[in-house]
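Have a look at the structure below before the remarks.
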Amino acid sequence: MAKTQRRASTPRGVELSEAATIGDVKRFLVRLIQRVDRGRISVKKANCMGQLCNTLINAIVDHELEERMAQLEADREGGRLKPTGPMTIRAGGSHEAQKPTGTA
C-alpha cells in the first residue's frame with residue numbers, strides 16, 4: 001500500500017516569501033512554537049523549520065548589509081560621502097577617527 005503524502009503545513013496566517021523580513025520570520029516562529037505546544041506539529045518538523053528560519057534570517061541580514069554597502073560605495077564614488085580614514089573602536093561602542101600620521 002502506497003503511503004499517502006501529506007501536504008506540508010505551515011502556521012496558519014503566516015506565509016514566508018522571497019521578500020520575507022526578519023519580522024515575518026519572527027511571526028512565523030511564534031506561530032510555529034504555538035503549534036508545537038498544542039501538539040499540532042511534530043517537534044522533529046518544527047526543529048527543521050526552526051533551523052531553516054535561522055538560515056533565512058542570516059540570508060536576510062547578509063542581503064541588507066550588501067545593499068547598505070553598495071549604497072555607501074555609490075555615495076562615496078558620487079562624492080556624497082568623503083572617506084574619513086581608519087577608526088578606533090573602543091569597548092562600550094565609543095569610537096574616534098584616527099589622525100593621519102605625519103600631521104599635527
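Each chain of the C-alpha cells is named A, B, ... in the order shown, its residues numbered from 1; ligands are numbered from 1 in display order.
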
Tell me which protein, DNA and RNA residues are within 12 Å of segment 15-24 of chain A, counting only C-alpha atoms, leaving out same-chain ones fewer than 5 positions away, and put them as a ChimeraX atom specification. /A:9-10,29-32,49,52-64

Write the residues of the preceding selection, restricted to C-alpha atoms, as a JSON list (two decimals), in the first residue's frame.
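Listed below is the output, again-v9.json:
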```json
[["chain", "number", "residue", "atom", "x", "y", "z"],
["A", 9, "SER", "CA", 1.57, 22.58, 6.86],
["A", 10, "THR", "CA", 2.77, 25.96, 7.93],
["A", 29, "LEU", "CA", 8.32, 31.24, 14.60],
["A", 30, "VAL", "CA", 5.81, 32.41, 17.23],
["A", 31, "ARG", "CA", 3.03, 30.52, 15.46],
["A", 32, "LEU", "CA", 5.30, 27.52, 14.99],
["A", 49, "MET", "CA", 11.63, 24.57, 10.24],
["A", 52, "LEU", "CA", 15.55, 26.86, 8.15],
["A", 53, "CYS", "CA", 14.21, 30.08, 9.69],
["A", 54, "ASN", "CA", 17.63, 30.72, 11.23],
["A", 55, "THR", "CA", 19.22, 30.25, 7.81],
["A", 56, "LEU", "CA", 16.66, 32.62, 6.30],
["A", 57, "ILE", "CA", 17.34, 35.27, 8.96],
["A", 58, "ASN", "CA", 21.07, 35.08, 8.23],
["A", 59, "ALA", "CA", 20.38, 35.44, 4.50],
["A", 60, "ILE", "CA", 18.14, 38.48, 5.12],
["A", 61, "VAL", "CA", 20.81, 40.14, 7.29],
["A", 62, "ASP", "CA", 23.52, 39.42, 4.69],
["A", 63, "HIS", "CA", 21.33, 40.83, 1.91],
["A", 64, "GLU", "CA", 20.57, 44.01, 3.88]]
```

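Atom CA of Gly50 of chain A is found 9.3 Å from atom CA of Ile33 of chain A.
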
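As for atom CA of Cys48 of chain A and atom CA of Glu67 of chain A, they are spaced 28.8 Å apart.
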
What is the atom CA of Arg27 of chain A-atom CA of Lys44 of chain A distance in Å, reported with one decimal? 19.7 Å

Tell me which of A:Gln51, A:Lys45, A:Ala70, A:Arg40 sits closest to Val25 of chain A, counting only C-alpha atoms. A:Gln51
